[in-house]
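Colleague: The structure's right below; bear with me while I get my questions together.
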Number of protein chains: 2
Amino acid sequence: MNNEILIVGSLALDTVETPFGRVEEALGGAGLYAATAASLLAPVHLVAVIGDDFPQQALDELSGRGVALEGVQRVKGGRSFRWSGHYKYDMNEAETLDTQLNVFADFNPLLPKPARRCSYVFLANILPSLQLKVLDQVQQPRLTICDTMNFWIENARDELLEVFRRVDVAAMNDAELRQLTGEPNLAKAATEVLAMGPQYLIIKKGEYGASLIWKQGHFALPCYPLATVVDPTGAGDSFAGGFIGFLAWAGETSEQQLRQALAIGTVTASACVEDFSINALGRLTVDDLYNRYEALHEMVRFEGISPQAILPT
Amino acid sequence: MNNEILIVGSLALDTVETPFGRVEEALGGAGLYAATAASLLAPVHLVAVIGDDFPQQALDELSGRGVALEGVQRVKGGRSFRWSGHYKYDMNEAETLDTQLNVFADFNPLLPKPARRCSYVFLANILPSLQLKVLDQVQQPRLTICDTMNFWIENARDELLEVFRRVDVAAMNDAELRQLTGEPNLAKAATEVLAMGPQYLIIKKGEYGASLIWKQGHFALPCYPLATVVDPTGAGDSFAGGFIGFLAWAGETSEQQLRQALAIGTVTASACVEDFSINALGRLTVDDLYNRYEALHEMVRFEGISPQAILPT
């Protein structure tokens, strides 16, 4: 058992437009956001694929954060994964303008030996069959989390259900949960997903917060309120990175630590959206994280009521 | 100072269709939902207008709950306010099919003497100029709350802003808040509303919960999770009724009690949506309310982290 985290997910160049500006070919990808977030709290091994065009400086910065990059394959003559999207004023949903898989189309995640021994595994949103290949290579992980997206729910359902049978935690947004189950009621839909295999379900609700659901219980948090939301890209992956980073740091995965991890994920995501790309997330310190955690804790605090006081006698 | 609550709002006959069924000319109206909810915790005075066709039995049931009805005007030969709406599967927003103001078109809220002396005042969603008439009649209330809607924001903005200058708490949903301020960011929009006069702002977010915002702070709760959501009609008014009912019961309006009141409002609304009309809300007991409050309290509980533990030394 160690405190090391394996993250498998994309490194990308994103072109994003929001009401607050535009970036072209900025650093992005689920793997980058999650690794940047998680590396604040524990050592990370990243497995991904890039082309000639992915900046070496970005890799050097990840190394500097304690992210092991032996599992990042650079394809000679290849172009990196590119995504282009646009957000309107409410910023809750991206409109995808263009996706170029490029080197990602032939990605075969091969885990270097140290990566196979990680205790904590985050399978970011990639083809479910690749998520399964990763699960085949890891040795007795302590906690595995998968993310997914609408495209796989529709087009790779069987493989996705196989992933769900094998992971401890499934993460998805509310629309994906409804799509997967065909059930509009989130509480019922959650029960259906837990019956598919995962012990825990994380429901991501964008600016409305997140929930953690297990057979016997339910934990929910509102979003951390921000006056500045510049670009929501990567919020879900930063959330997942903070979540698994905290669990690796804590060395415990009991209900109490999972609740705390959801709060750490929430405040990590809040930092991500304050600027484009990983600009704000990369500047986040453990000190900031702790201060936002405490502010969130204070924000949801309320006192119990004594039953003697309220119940009629 | 007493613990009595004045509620001014509609008594209506609602025709509602949701994916789970349909009711025709069922008991409804903001005043009915709010009074049913608040009367669980404190005495209520209701001011409203009805036609010949509003069932006497419904009034008798309100009386039985301790709701004083001297302020309910019955217009001879008049027809009661009618609303007809339809919800799709996600149930977050009603599509209004028909609104017939009927006797409500000429409503002039005249407060009986005992109603004027209430310490707690809830102005449900009616014409802002009528909300002002009510405020003119009440004598030194301890806490005043107003609700509103998109139609008044667009068509009676000046009167609405005058209401805001005079109430302690403004309640609205997130779309209304964005419409009123023209500001998509909820945290910024909230700051703008507080500058308009109210000391507190309640943001209602439907199935995503509610927030309470004041100059120095912010409290937020997720929704109470329900496997059965039959009809969201009246949720916001039940929320407000529970909120003000708790404050009247507690006899305090400090930050701690306002936080608790938001939790009571949340669980009151959760009961409302489990059935059509006031069917479920009317069956709610103080015991149920207490149990749901405790469940909500447990649902948002998480432990702090010691800074010594997390911060690098």
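Chain labels follow the order of the structure tokens: the first chain is A, the next B, and so on; residue numbering restarts at 1 in every chain, and ligands are counted from 1 in their shown order.
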Could you give me, as JSON lines, a per-residue list for chain A showing, wherever an atom lies at most 9 Å from an atom of chain B, the closest pair of atoms and their distance in Å to one decimal, using only C-alpha atoms and sorting by chain then residue number from low to high?
Modeller:
{"residue": "A:Leu41", "atom": "CA", "partner": "B:Ile310", "partner_atom": "CA", "distance": 8.7}
{"residue": "A:Tyr89", "atom": "CA", "partner": "B:Pro184", "partner_atom": "CA", "distance": 6.1}
{"residue": "A:Asp90", "atom": "CA", "partner": "B:Pro184", "partner_atom": "CA", "distance": 6.1}
{"residue": "A:Met91", "atom": "CA", "partner": "B:Pro184", "partner_atom": "CA", "distance": 8.8}
{"residue": "A:Pro184", "atom": "CA", "partner": "B:Asp90", "partner_atom": "CA", "distance": 6.1}
{"residue": "A:Asn185", "atom": "CA", "partner": "B:Ala227", "partner_atom": "CA", "distance": 6.6}
{"residue": "A:Leu186", "atom": "CA", "partner": "B:Ala227", "partner_atom": "CA", "distance": 7.6}
{"residue": "A:Ala187", "atom": "CA", "partner": "B:Ala227", "partner_atom": "CA", "distance": 5.2}
{"residue": "A:Lys188", "atom": "CA", "partner": "B:Ala227", "partner_atom": "CA", "distance": 5.5}
{"residue": "A:Ala189", "atom": "CA", "partner": "B:Ala227", "partner_atom": "CA", "distance": 8.9}
{"residue": "A:Lys205", "atom": "CA", "partner": "B:Tyr208", "partner_atom": "CA", "distance": 8.3}
{"residue": "A:Tyr208", "atom": "CA", "partner": "B:Tyr208", "partner_atom": "CA", "distance": 5.9}
{"residue": "A:Gly209", "atom": "CA", "partner": "B:Pro222", "partner_atom": "CA", "distance": 7.9}
{"residue": "A:Ala210", "atom": "CA", "partner": "B:Pro222", "partner_atom": "CA", "distance": 8.8}
{"residue": "A:Ser211", "atom": "CA", "partner": "B:Pro222", "partner_atom": "CA", "distance": 8.8}
{"residue": "A:Gly217", "atom": "CA", "partner": "B:Met299", "partner_atom": "CA", "distance": 7.8}
{"residue": "A:His218", "atom": "CA", "partner": "B:Met299", "partner_atom": "CA", "distance": 5.8}
{"residue": "A:Phe219", "atom": "CA", "partner": "B:Met299", "partner_atom": "CA", "distance": 4.7}
{"residue": "A:Ala220", "atom": "CA", "partner": "B:Val300", "partner_atom": "CA", "distance": 5.6}
{"residue": "A:Leu221", "atom": "CA", "partner": "B:Pro222", "partner_atom": "CA", "distance": 6.2}
{"residue": "A:Pro222", "atom": "CA", "partner": "B:Pro222", "partner_atom": "CA", "distance": 5.7}
{"residue": "A:Cys223", "atom": "CA", "partner": "B:Ala220", "partner_atom": "CA", "distance": 8.5}
{"residue": "A:Pro225", "atom": "CA", "partner": "B:Ala187", "partner_atom": "CA", "distance": 6.2}
{"residue": "A:Leu226", "atom": "CA", "partner": "B:Ala187", "partner_atom": "CA", "distance": 6.1}
{"residue": "A:Ala227", "atom": "CA", "partner": "B:Ala187", "partner_atom": "CA", "distance": 5.2}
{"residue": "A:Thr228", "atom": "CA", "partner": "B:Asn185", "partner_atom": "CA", "distance": 7.6}
{"residue": "A:Val229", "atom": "CA", "partner": "B:Asn185", "partner_atom": "CA", "distance": 7.5}
{"residue": "A:Trp249", "atom": "CA", "partner": "B:Ile310", "partner_atom": "CA", "distance": 8.7}
{"residue": "A:Gln256", "atom": "CA", "partner": "B:Phe302", "partner_atom": "CA", "distance": 6.9}
{"residue": "A:Gln257", "atom": "CA", "partner": "B:Glu303", "partner_atom": "CA", "distance": 8.5}
{"residue": "A:Arg259", "atom": "CA", "partner": "B:Phe302", "partner_atom": "CA", "distance": 5.9}
{"residue": "A:Gln260", "atom": "CA", "partner": "B:Phe302", "partner_atom": "CA", "distance": 6.1}
{"residue": "A:Ala263", "atom": "CA", "partner": "B:Phe302", "partner_atom": "CA", "distance": 8.2}
{"residue": "A:Val286", "atom": "CA", "partner": "B:Leu311", "partner_atom": "CA", "distance": 6.3}
{"residue": "A:Asp287", "atom": "CA", "partner": "B:Leu311", "partner_atom": "CA", "distance": 6.3}
{"residue": "A:Tyr290", "atom": "CA", "partner": "B:Pro307", "partner_atom": "CA", "distance": 7.1}
{"residue": "A:Tyr293", "atom": "CA", "partner": "B:Gly304", "partner_atom": "CA", "distance": 8.0}
{"residue": "A:Glu294", "atom": "CA", "partner": "B:Gly304", "partner_atom": "CA", "distance": 7.0}
{"residue": "A:His297", "atom": "CA", "partner": "B:Gly304", "partner_atom": "CA", "distance": 7.0}
{"residue": "A:Glu298", "atom": "CA", "partner": "B:Phe219", "partner_atom": "CA", "distance": 8.0}
{"residue": "A:Met299", "atom": "CA", "partner": "B:Phe219", "partner_atom": "CA", "distance": 4.7}
{"residue": "A:Val300", "atom": "CA", "partner": "B:Ala220", "partner_atom": "CA", "distance": 5.6}
{"residue": "A:Arg301", "atom": "CA", "partner": "B:Phe219", "partner_atom": "CA", "distance": 7.6}
{"residue": "A:Phe302", "atom": "CA", "partner": "B:Arg259", "partner_atom": "CA", "distance": 5.9}
{"residue": "A:Glu303", "atom": "CA", "partner": "B:Gln260", "partner_atom": "CA", "distance": 6.6}
{"residue": "A:Gly304", "atom": "CA", "partner": "B:Glu294", "partner_atom": "CA", "distance": 7.0}
{"residue": "A:Ile305", "atom": "CA", "partner": "B:Tyr290", "partner_atom": "CA", "distance": 7.8}
{"residue": "A:Ser306", "atom": "CA", "partner": "B:Tyr290", "partner_atom": "CA", "distance": 8.9}
{"residue": "A:Pro307", "atom": "CA", "partner": "B:Tyr290", "partner_atom": "CA", "distance": 7.1}
{"residue": "A:Ile310", "atom": "CA", "partner": "B:Val286", "partner_atom": "CA", "distance": 7.5}
{"residue": "A:Leu311", "atom": "CA", "partner": "B:Val286", "partner_atom": "CA", "distance": 6.3}
{"residue": "A:Pro312", "atom": "CA", "partner": "B:Val286", "partner_atom": "CA", "distance": 7.8}
Colleague: Now that the selection is made, can you save its residues with C-alpha atoms as a PDB file, in the first residue's frame?
Modeller:
ATOM      1  CA  LEU A  41      -1.589  16.402  -2.252  1.00  0.00           C
ATOM      2  CA  TYR A  89     -23.465  33.103 -20.286  1.00  0.00           C
ATOM      3  CA  ASP A  90     -24.835  30.504 -17.915  1.00  0.00           C
ATOM      4  CA  MET A  91     -21.612  28.470 -18.391  1.00  0.00           C
ATOM      5  CA  PRO A 184     -35.288  11.351 -14.585  1.00  0.00           C
ATOM      6  CA  ASN A 185     -35.326  11.164 -10.776  1.00  0.00           C
ATOM      7  CA  LEU A 186     -31.713  11.465  -9.606  1.00  0.00           C
ATOM      8  CA  ALA A 187     -32.227   9.525  -6.357  1.00  0.00           C
ATOM      9  CA  LYS A 188     -33.743   6.568  -8.214  1.00  0.00           C
ATOM     10  CA  ALA A 189     -31.166   6.785 -10.996  1.00  0.00           C
ATOM     11  CA  LYS A 205     -23.885  19.243 -10.977  1.00  0.00           C
ATOM     12  CA  TYR A 208     -24.977  23.509  -8.323  1.00  0.00           C
ATOM     13  CA  GLY A 209     -22.416  21.366  -6.520  1.00  0.00           C
ATOM     14  CA  ALA A 210     -21.909  17.635  -6.165  1.00  0.00           C
ATOM     15  CA  SER A 211     -23.281  14.593  -4.369  1.00  0.00           C
ATOM     16  CA  GLY A 217     -26.394   7.157   2.572  1.00  0.00           C
ATOM     17  CA  HIS A 218     -26.008  10.387   0.755  1.00  0.00           C
ATOM     18  CA  PHE A 219     -23.698  13.377   1.084  1.00  0.00           C
ATOM     19  CA  ALA A 220     -24.206  16.575  -0.852  1.00  0.00           C
ATOM     20  CA  LEU A 221     -22.457  19.915  -1.166  1.00  0.00           C
ATOM     21  CA  PRO A 222     -23.370  23.111  -2.977  1.00  0.00           C
ATOM     22  CA  CYS A 223     -20.791  24.763  -5.167  1.00  0.00           C
ATOM     23  CA  PRO A 225     -19.525  30.548  -4.621  1.00  0.00           C
ATOM     24  CA  LEU A 226     -17.271  32.561  -6.876  1.00  0.00           C
ATOM     25  CA  ALA A 227     -17.582  36.089  -8.181  1.00  0.00           C
ATOM     26  CA  THR A 228     -15.235  35.228 -11.030  1.00  0.00           C
ATOM     27  CA  VAL A 229     -15.997  32.276 -13.272  1.00  0.00           C
ATOM     28  CA  TRP A 249      -3.058  12.088   1.296  1.00  0.00           C
ATOM     29  CA  GLN A 256     -15.693  10.378   6.675  1.00  0.00           C
ATOM     30  CA  GLN A 257     -12.700  10.757   4.338  1.00  0.00           C
ATOM     31  CA  ARG A 259     -17.068  13.283   2.511  1.00  0.00           C
ATOM     32  CA  GLN A 260     -13.965  15.386   3.100  1.00  0.00           C
ATOM     33  CA  ALA A 263     -15.290  18.983  -0.235  1.00  0.00           C
ATOM     34  CA  VAL A 286      -2.247  23.816  -0.169  1.00  0.00           C
ATOM     35  CA  ASP A 287      -2.767  26.916   1.934  1.00  0.00           C
ATOM     36  CA  TYR A 290      -7.252  24.673   3.179  1.00  0.00           C
ATOM     37  CA  TYR A 293     -12.161  24.159   2.533  1.00  0.00           C
ATOM     38  CA  GLU A 294     -12.725  25.980   5.806  1.00  0.00           C
ATOM     39  CA  HIS A 297     -17.293  24.120   5.825  1.00  0.00           C
ATOM     40  CA  GLU A 298     -18.550  27.344   7.382  1.00  0.00           C
ATOM     41  CA  MET A 299     -20.881  27.932   4.432  1.00  0.00           C
ATOM     42  CA  VAL A 300     -22.868  24.727   4.951  1.00  0.00           C
ATOM     43  CA  ARG A 301     -22.823  24.732   8.750  1.00  0.00           C
ATOM     44  CA  PHE A 302     -26.108  24.831  10.612  1.00  0.00           C
ATOM     45  CA  GLU A 303     -27.158  23.796  14.070  1.00  0.00           C
ATOM     46  CA  GLY A 304     -29.353  20.852  14.944  1.00  0.00           C
ATOM     47  CA  ILE A 305     -32.676  21.333  16.687  1.00  0.00           C
ATOM     48  CA  SER A 306     -33.371  19.550  19.915  1.00  0.00           C
ATOM     49  CA  PRO A 307     -36.390  17.253  19.478  1.00  0.00           C
ATOM     50  CA  ILE A 310     -39.617  21.307  18.522  1.00  0.00           C
ATOM     51  CA  LEU A 311     -41.838  18.299  19.076  1.00  0.00           C
ATOM     52  CA  PRO A 312     -45.214  18.865  20.738  1.00  0.00           C
TER      53      PRO A 312
END
Colleague: To one decimal place, how far is CA of Asn279 (chain B) from CA of Ala37 (chain B) in Å?
Modeller: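 These two atoms are separated by 11.8 Å.
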Colleague: With distances taken over only C-alpha atoms, which of A:Pro232, A:Asp52, A:Ser39, A:Gly28 is nearest to Ala94 (chain A)?
Modeller: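 Of A:Pro232, A:Asp52, A:Ser39, A:Gly28, the one nearest Ala94 (chain A), counting only C-alpha atoms, is A:Pro232.
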Colleague: If we count only C-alpha atoms and set the cut-off at 10 Å, which residues sit around Glu93 (chain A), ignoring sequence neighbours fewer than 5 positions away in its own chain? Please answer as JSON, numbers by chain.
Modeller: {"A": [85, 86, 87, 88, 206, 232, 233]}
Colleague: Can you tell me which residues surround Val75 (chain A) at a distance of at most 12 Å, considering only C-alpha atoms, apart from same-chain residues fewer than 4 positions away, and format the answer as a list in words?
Modeller: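 Contacts, with the query itself left out: Ala48, Val49, Ile50, Gly51, Asp52, Asp53, Phe54, Arg79, Ser80, Phe81, Asn102, Val103, Phe104, Ala105, Asp106, Phe107 and Asn108 of chain A.
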Colleague: May I have all residues of region 146-231 of chain A that DSSP, computed from the backbone, assigns to strand (DSSP E), given as a PyMOL selection string?
Modeller: chain A and resi 146-147+169-173+200-204+210-214+217-221
Colleague: Restricting the output to N, CA and C atoms, write the selected residues as an mmCIF file, in the first residue's frame.
Modeller:
data_model
loop_
_atom_site.group_PDB
_atom_site.id
_atom_site.type_symbol
_atom_site.label_atom_id
_atom_site.label_comp_id
_atom_site.auth_asym_id
_atom_site.auth_seq_id
_atom_site.Cartn_x
_atom_site.Cartn_y
_atom_site.Cartn_z
ATOM 1 N N CYS A 146 -13.824 6.064 -11.962
ATOM 2 C CA CYS A 146 -13.918 6.318 -13.399
ATOM 3 C C CYS A 146 -14.836 7.494 -13.674
ATOM 4 N N ASP A 147 -14.501 8.227 -14.705
ATOM 5 C CA ASP A 147 -15.369 9.259 -15.253
ATOM 6 C C ASP A 147 -15.850 8.749 -16.614
ATOM 7 N N VAL A 169 -15.705 3.707 -7.519
ATOM 8 C CA VAL A 169 -16.448 4.969 -7.578
ATOM 9 C C VAL A 169 -16.697 5.336 -9.043
ATOM 10 N N ALA A 170 -17.952 5.605 -9.380
ATOM 11 C CA ALA A 170 -18.274 6.115 -10.719
ATOM 12 C C ALA A 170 -18.625 7.588 -10.574
ATOM 13 N N ALA A 171 -18.084 8.415 -11.470
ATOM 14 C CA ALA A 171 -18.382 9.855 -11.438
ATOM 15 C C ALA A 171 -19.042 10.246 -12.753
ATOM 16 N N MET A 172 -20.104 11.025 -12.675
ATOM 17 C CA MET A 172 -20.746 11.520 -13.905
ATOM 18 C C MET A 172 -21.582 12.733 -13.560
ATOM 19 N N ASN A 173 -22.002 13.485 -14.592
ATOM 20 C CA ASN A 173 -22.874 14.610 -14.283
ATOM 21 C C ASN A 173 -24.338 14.183 -14.312
ATOM 22 N N TYR A 200 -19.696 3.552 -4.740
ATOM 23 C CA TYR A 200 -20.050 4.968 -4.593
ATOM 24 C C TYR A 200 -20.330 5.586 -5.961
ATOM 25 N N LEU A 201 -21.255 6.537 -5.955
ATOM 26 C CA LEU A 201 -21.523 7.329 -7.153
ATOM 27 C C LEU A 201 -21.301 8.799 -6.805
ATOM 28 N N ILE A 202 -20.549 9.492 -7.646
ATOM 29 C CA ILE A 202 -20.428 10.947 -7.522
ATOM 30 C C ILE A 202 -21.269 11.567 -8.632
ATOM 31 N N ILE A 203 -22.203 12.445 -8.256
ATOM 32 C CA ILE A 203 -22.958 13.194 -9.262
ATOM 33 C C ILE A 203 -22.424 14.619 -9.277
ATOM 34 N N LYS A 204 -21.923 15.042 -10.432
ATOM 35 C CA LYS A 204 -21.407 16.401 -10.593
ATOM 36 C C LYS A 204 -22.522 17.256 -11.182
ATOM 37 N N ALA A 210 -22.168 19.055 -5.914
ATOM 38 C CA ALA A 210 -21.909 17.635 -6.165
ATOM 39 C C ALA A 210 -22.480 16.792 -5.035
ATOM 40 N N SER A 211 -22.783 15.543 -5.362
ATOM 41 C CA SER A 211 -23.281 14.593 -4.369
ATOM 42 C C SER A 211 -22.443 13.325 -4.399
ATOM 43 N N LEU A 212 -22.373 12.673 -3.264
ATOM 44 C CA LEU A 212 -21.752 11.355 -3.144
ATOM 45 C C LEU A 212 -22.829 10.433 -2.601
ATOM 46 N N ILE A 213 -23.075 9.347 -3.307
ATOM 47 C CA ILE A 213 -24.177 8.464 -2.916
ATOM 48 C C ILE A 213 -23.670 7.042 -2.775
ATOM 49 N N TRP A 214 -24.064 6.390 -1.697
ATOM 50 C CA TRP A 214 -23.753 4.975 -1.507
ATOM 51 C C TRP A 214 -25.025 4.305 -1.010
ATOM 52 N N GLY A 217 -26.396 5.733 2.252
ATOM 53 C CA GLY A 217 -26.394 7.157 2.572
ATOM 54 C C GLY A 217 -26.146 8.070 1.399
ATOM 55 N N HIS A 218 -25.995 9.335 1.747
ATOM 56 C CA HIS A 218 -26.008 10.387 0.755
ATOM 57 C C HIS A 218 -25.301 11.594 1.364
ATOM 58 N N PHE A 219 -24.363 12.160 0.637
ATOM 59 C CA PHE A 219 -23.698 13.377 1.084
ATOM 60 C C PHE A 219 -23.767 14.372 -0.062
ATOM 61 N N ALA A 220 -24.066 15.607 0.237
ATOM 62 C CA ALA A 220 -24.206 16.575 -0.852
ATOM 63 C C ALA A 220 -23.625 17.907 -0.439
ATOM 64 N N LEU A 221 -23.034 18.594 -1.392
ATOM 65 C CA LEU A 221 -22.457 19.915 -1.166
ATOM 66 C C LEU A 221 -22.883 20.857 -2.275
#
Colleague: Can you list every residue in region 40-258 of chain B that DSSP puts in alpha helix (DSSP H), as a ChimeraX atom specification?
Modeller: /B:56-64,113-116,128-137,150-155,157-166,174-181,186-195,235-250,255-258
Colleague: Write the residues of the selection above to a file with C-alpha atoms, as a compact mmCIF listing (two decimals), in the first residue's frame.
Modeller:
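result-v4.txt, freshly written:
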# COMPACT_ATOMS: atom_id res chain seq x y z
CA GLN B 56 -65.44 25.91 1.89
CA GLN B 57 -63.88 22.66 3.10
CA ALA B 58 -60.43 23.92 2.18
CA LEU B 59 -61.02 27.03 4.29
CA ASP B 60 -62.27 24.92 7.16
CA GLU B 61 -59.12 22.84 7.01
CA LEU B 62 -56.96 25.95 7.12
CA SER B 63 -58.95 27.14 10.15
CA GLY B 64 -58.34 23.79 11.76
CA LYS B 113 -56.57 44.56 12.67
CA PRO B 114 -55.01 41.38 14.11
CA ALA B 115 -53.21 40.75 10.82
CA ARG B 116 -51.59 44.19 10.97
CA PRO B 128 -45.51 44.55 -6.32
CA SER B 129 -47.89 47.51 -5.87
CA LEU B 130 -50.10 45.23 -3.74
CA GLN B 131 -47.08 44.07 -1.75
CA LEU B 132 -46.42 47.77 -1.04
CA LYS B 133 -50.05 48.26 0.10
CA VAL B 134 -49.56 45.43 2.59
CA LEU B 135 -46.31 46.92 3.87
CA ASP B 136 -48.18 50.22 4.39
CA GLN B 137 -50.65 48.49 6.69
CA ASN B 150 -40.25 37.15 -14.02
CA PHE B 151 -43.44 38.97 -15.11
CA TRP B 152 -43.11 41.68 -12.41
CA ILE B 153 -39.37 42.02 -12.97
CA GLU B 154 -40.15 42.90 -16.55
CA ASN B 155 -43.41 44.83 -16.15
CA ARG B 157 -39.72 46.94 -12.03
CA ASP B 158 -40.00 50.30 -10.22
CA GLU B 159 -42.60 49.05 -7.74
CA LEU B 160 -40.60 45.87 -7.23
CA LEU B 161 -37.46 47.88 -6.43
CA GLU B 162 -39.54 49.88 -3.93
CA VAL B 163 -40.59 46.58 -2.30
CA PHE B 164 -36.93 45.56 -2.15
CA ARG B 165 -36.05 48.81 -0.38
CA ARG B 166 -38.61 47.96 2.30
CA ASP B 174 -31.73 31.84 -10.00
CA ALA B 175 -33.26 32.74 -13.38
CA GLU B 176 -35.16 35.67 -11.81
CA LEU B 177 -32.00 36.86 -10.09
CA ARG B 178 -30.15 36.87 -13.41
CA GLN B 179 -33.09 38.60 -15.12
CA LEU B 180 -33.37 41.29 -12.44
CA THR B 181 -29.68 42.18 -12.42
CA LEU B 186 -24.97 34.46 -9.13
CA ALA B 187 -22.50 35.68 -6.52
CA LYS B 188 -22.17 39.07 -8.23
CA ALA B 189 -25.91 39.27 -8.90
CA ALA B 190 -26.58 38.58 -5.21
CA THR B 191 -24.30 41.46 -4.20
CA GLU B 192 -26.28 43.75 -6.52
CA VAL B 193 -29.61 42.72 -4.99
CA LEU B 194 -28.32 43.29 -1.45
CA ALA B 195 -27.36 46.81 -2.56
CA ALA B 235 -42.41 24.05 -3.60
CA GLY B 236 -41.11 27.62 -3.40
CA ASP B 237 -44.10 28.81 -1.37
CA SER B 238 -43.91 25.82 0.96
CA PHE B 239 -40.23 26.63 1.33
CA ALA B 240 -41.04 30.23 2.28
CA GLY B 241 -43.81 29.10 4.63
CA GLY B 242 -41.49 26.70 6.43
CA PHE B 243 -38.76 29.34 6.53
CA ILE B 244 -40.89 32.04 8.14
CA GLY B 245 -42.75 29.49 10.27
CA PHE B 246 -39.49 28.39 11.84
CA LEU B 247 -38.37 31.96 12.55
CA ALA B 248 -41.70 32.72 14.24
CA TRP B 249 -41.42 29.51 16.24
CA ALA B 250 -37.81 30.26 17.24
CA GLU B 255 -27.80 34.28 11.47
CA GLN B 256 -28.00 30.93 13.25
CA GLN B 257 -31.80 30.86 13.13
CA LEU B 258 -31.86 32.00 9.51
Colleague: Can you tell me how far CA of Thr96 (chain B) sits from CA of Thr15 (chain B), in Å to one decimal?
Modeller: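 Between CA of Thr96 (chain B) and CA of Thr15 (chain B) the gap works out to 10.2 Å.
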Colleague: Could you work out how far CA of Thr253 (chain B) lies from CA of Val47 (chain B), giving the answer in Å with one decimal?
Modeller: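 Separating CA of Val47 (chain B) from CA of Thr253 (chain B) is a distance of 23.6 Å.
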Colleague: Residues near Arg117 (chain A), anyone? I mean within 12 Å using only C-alpha atoms, not counting same-chain ones fewer than 2 positions away, as a PyMOL selection string.
Modeller: chain A and resi 1-6+44-45+111-115+119-121+134-135+137-142
Colleague: Keeping C-alpha atoms for every residue in the selection just given, could you write it to a file as a compact mmCIF listing (two decimals), in the first residue's frame?
Modeller:
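Contents of again-v6.txt, as written:
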# COMPACT_ATOMS: atom_id res chain seq x y z
CA MET A 1 0.00 0.00 0.00
CA ASN A 2 1.40 3.41 -0.99
CA ASN A 3 -0.03 6.92 -1.38
CA GLU A 4 0.61 7.10 -5.14
CA ILE A 5 -2.03 7.97 -7.70
CA LEU A 6 -2.37 6.72 -11.26
CA VAL A 44 1.01 11.15 -9.33
CA HIS A 45 1.82 8.86 -12.27
CA LEU A 111 1.51 1.29 -17.73
CA PRO A 112 5.14 1.51 -16.62
CA LYS A 113 5.85 -0.76 -13.66
CA PRO A 114 5.70 1.93 -10.94
CA ALA A 115 2.33 3.11 -12.28
CA SER A 119 -2.92 2.47 -4.73
CA TYR A 120 -5.28 5.11 -6.15
CA VAL A 121 -6.48 5.09 -9.74
CA VAL A 134 -5.82 0.02 -17.47
CA LEU A 135 -7.75 -1.94 -14.86
CA GLN A 137 -2.71 -3.76 -15.60
CA VAL A 138 -3.03 -2.29 -12.09
CA GLN A 139 -2.11 -4.46 -9.12
CA GLN A 140 -4.59 -4.45 -6.25
CA PRO A 141 -5.47 -0.76 -6.18
CA ARG A 142 -7.05 0.48 -3.02
